[in-house]
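*Asks:* Dropping a structure here in structure tokens format, bear with me for questions.
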Amino acid sequence: MIVNLDVTLRDGGYRNNFDFPLDYALHHARESVAAGLEWVEIGYRNGSFMTKPGIGRTGVGADDYIRAVAEVVSPDRLCMILHPKNITEEDLSGMYEAGVRLVRFCLPSGAPEPGLALLSRAAELGFTTTVNITRVSQLDRRRLVELAGMSGDAGADVVYLADSNGSMLPEEVSQLVTLVRSVTHTAVGLHAHNNLGLALANAIAAVDAGATWIDSSILGMGKGPGNLVTEQWLAYLGRGTGGDTYDLGRILGLAHRMESEIEQATPSLPLPDLVLGHFDLSVEERAKLPVDRIGDAFSAARELTAAGAR
């Protein structure tokens with residue numbers, strides 16, 4: 001069984017500073033769940049990794065916002081994601097009381113212990129928990145094995161491989177899913193970005209290798225060129241073993257409304273983001289590229305990669 005998780009209100013927030021109108025956010029959560037998606041991620045708790053001025057409601061994830069969503073969607077479907085450095089145990093208690101039942105921890109590979117301690121506390125409170133190992137394409141495989149094992153020992157239900165740079169190929173995804181499954185009892189998930197247009201192929205490869213949790217977003221709205229496109233993914237599942245599990249028509253209706261009301265939702269593949277994916281560079285490296293001159297940006301990205309290899 002595949003567990004599908006909608007990340008639009010969170011990852012899509014990178015395009016509009018997390019400033020989704022409340023009525024749209026409520027509609028989005030309600031329609032995602034009504035269409036059969038198992039979880040809807042309604043935002044960050046206390047911000048993303050980097051502080052952003054004027055960040056909107058799906059980046060703050062306040063209790064009153066959670067309660068508003070929990071009035072239209074069962075808490076058993078509500079998810080939030082967080083960076084451990086931004087929260088305390090009181091945040092976990094507040095989120096649970098307000099209505100969230102799944103929390104996802106973006107785990108820093110260098111110093112994971114504080115985050116894993118918070119994850120263990122979240123499990124004690126009754127949350128389903130995931131660890132999202134970010135920028136997995138740049139992570140040494142030995143370290144990946146260590147982090148996966150530590151996450152399982154801390155009580156994680158799922159270990160997610162996050163292709164944050166959108167640079168991975170299907171065979172690489174398959175290998176990493178197989179590797180993580182061999183060292184932990186947890187379920188394995190994939191969070192795909194689409195810099196190279198391979199998010200759908202990578203999701204298929206992940207599931208074929210045994211992953212059971214898959215992130216996607218409506219219209220692919222997400223950081224940079226975006227994520228796995230929910231409509232395409234559900235259409236694929238509907239052609240195969242997914243059958244009529246999900247209401248694709250309802251999801252298409254949601255996509256149409258979002259396209260009409262959220263200006264930044266329009267699908268796009270900016271050429272600099274393709275360059276970042278090609279060279280396996282993070283979105284933060286974008287500022288180092290002369291993005292208005294794409295040929296020069298390509299050369300600069302090549303030099304950054306070569307410098308990192310030295």
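Here's how to read the names in the structure tokens: chain A, B, ... by the order shown, residue numbers from 1 in each chain, ligand numbers from 1 in the order shown.
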If we count only C-alpha atoms and set the cut-off at 9 Å, which residues sit around range 178-185 of chain A, ignoring sequence neighbours fewer than 6 positions away in its own chain? Please answer as a list in words.

*Replies:* Arg141, Leu144, Val145, Glu146, Ala148, Gly149, Met150, Ser151, Gly152, Asp153, Asp157, Val158, Val159, Ala206, Ala209, Gly210 and Ala211 of chain A

*Asks:* Output N, CA, C and O atoms for every residue in the selection just made, as an mmCIF file, in the first residue's frame.

*Replies:*
```
data_model
loop_
_atom_site.group_PDB
_atom_site.id
_atom_site.type_symbol
_atom_site.label_atom_id
_atom_site.label_comp_id
_atom_site.auth_asym_id
_atom_site.auth_seq_id
_atom_site.Cartn_x
_atom_site.Cartn_y
_atom_site.Cartn_z
ATOM 1 N N ARG A 141 27.028 7.558 1.717
ATOM 2 C CA ARG A 141 26.111 6.447 1.981
ATOM 3 C C ARG A 141 26.308 5.844 3.361
ATOM 4 O O ARG A 141 25.347 5.387 3.987
ATOM 5 N N LEU A 144 24.335 8.004 5.547
ATOM 6 C CA LEU A 144 22.916 7.731 5.349
ATOM 7 C C LEU A 144 22.483 6.511 6.148
ATOM 8 O O LEU A 144 21.435 6.518 6.805
ATOM 9 N N VAL A 145 23.279 5.464 6.109
ATOM 10 C CA VAL A 145 22.973 4.254 6.879
ATOM 11 C C VAL A 145 22.918 4.570 8.368
ATOM 12 O O VAL A 145 22.010 4.122 9.087
ATOM 13 N N GLU A 146 23.879 5.352 8.851
ATOM 14 C CA GLU A 146 23.900 5.725 10.272
ATOM 15 C C GLU A 146 22.644 6.507 10.649
ATOM 16 O O GLU A 146 22.011 6.226 11.683
ATOM 17 N N ALA A 148 19.717 6.618 9.124
ATOM 18 C CA ALA A 148 18.521 5.780 9.037
ATOM 19 C C ALA A 148 18.394 4.891 10.269
ATOM 20 O O ALA A 148 17.308 4.759 10.853
ATOM 21 N N GLY A 149 19.505 4.280 10.678
ATOM 22 C CA GLY A 149 19.483 3.426 11.860
ATOM 23 C C GLY A 149 19.148 4.201 13.122
ATOM 24 O O GLY A 149 18.337 3.757 13.950
ATOM 25 N N MET A 150 19.756 5.382 13.288
ATOM 26 C CA MET A 150 19.482 6.226 14.451
ATOM 27 C C MET A 150 18.009 6.660 14.472
ATOM 28 O O MET A 150 17.388 6.723 15.543
ATOM 29 N N SER A 151 17.457 6.947 13.312
ATOM 30 C CA SER A 151 16.063 7.387 13.236
ATOM 31 C C SER A 151 15.118 6.275 13.667
ATOM 32 O O SER A 151 14.167 6.498 14.432
ATOM 33 N N GLY A 152 15.375 5.070 13.172
ATOM 34 C CA GLY A 152 14.553 3.942 13.579
ATOM 35 C C GLY A 152 14.646 3.680 15.064
ATOM 36 O O GLY A 152 13.638 3.438 15.744
ATOM 37 N N ASP A 153 15.857 3.758 15.606
ATOM 38 C CA ASP A 153 16.050 3.537 17.040
ATOM 39 C C ASP A 153 15.339 4.601 17.880
ATOM 40 O O ASP A 153 14.908 4.324 19.005
ATOM 41 N N ASP A 157 8.642 6.374 12.384
ATOM 42 C CA ASP A 157 7.827 5.420 11.637
ATOM 43 C C ASP A 157 8.256 5.342 10.175
ATOM 44 O O ASP A 157 8.075 4.306 9.528
ATOM 45 N N VAL A 158 8.798 6.440 9.667
ATOM 46 C CA VAL A 158 9.182 6.514 8.260
ATOM 47 C C VAL A 158 10.497 7.260 8.141
ATOM 48 O O VAL A 158 10.709 8.270 8.829
ATOM 49 N N VAL A 159 11.384 6.785 7.288
ATOM 50 C CA VAL A 159 12.583 7.529 6.894
ATOM 51 C C VAL A 159 12.392 7.969 5.453
ATOM 52 O O VAL A 159 12.233 7.127 4.555
ATOM 53 N N ALA A 206 11.197 4.434 -6.820
ATOM 54 C CA ALA A 206 11.182 4.274 -5.362
ATOM 55 C C ALA A 206 10.174 3.213 -4.940
ATOM 56 O O ALA A 206 10.478 2.335 -4.115
ATOM 57 N N ALA A 209 11.199 -0.242 -5.689
ATOM 58 C CA ALA A 209 12.262 -0.718 -4.795
ATOM 59 C C ALA A 209 11.761 -0.955 -3.371
ATOM 60 O O ALA A 209 12.530 -1.389 -2.515
ATOM 61 N N GLY A 210 10.487 -0.636 -3.109
ATOM 62 C CA GLY A 210 9.919 -0.922 -1.804
ATOM 63 C C GLY A 210 9.528 0.275 -0.966
ATOM 64 O O GLY A 210 9.070 0.115 0.170
ATOM 65 N N ALA A 211 9.685 1.495 -1.480
ATOM 66 C CA ALA A 211 9.205 2.671 -0.749
ATOM 67 C C ALA A 211 7.682 2.647 -0.717
ATOM 68 O O ALA A 211 7.035 2.229 -1.690
#
```

*Asks:* May I have the residues within 10 Å of Leu271 in chain A as a ChimeraX atom specification, using only C-alpha atoms and disregarding those fewer than 2 positions away in the same chain?

*Replies:* /A:195,225,268-269,273-277,291-292,294,297-298

*Asks:* Determine, counting only C-alpha atoms, which protein, DNA and RNA residues have an atom within 8 Å of an atom of range 279-288 of chain A; residues of the same chain fewer than 5 positions away are not included. Present the result as a VMD selection string.

*Replies:* chain A and resid 135 137 to 138 164 to 167 224 272 to 273 300 to 302 305

*Asks:* Pick from A:Val40, A:Val229, A:Ile214, A:Leu234: nearest to Leu248 in chain A, with only C-alpha atoms counted?

*Replies:* A:Leu234

*Asks:* Could you name the residues that touch Asp64 in chain A at 12 Å or less, counting only C-alpha atoms, but leaving out those on the same chain fewer than 4 positions away, as a list in words?

*Replies:* Leu22, Arg57, Thr58, Val60, Ala68, Val69, Ala70, Glu71, Gly94, Met95, Glu97, Ala98, Gly99 and Val100 of chain A
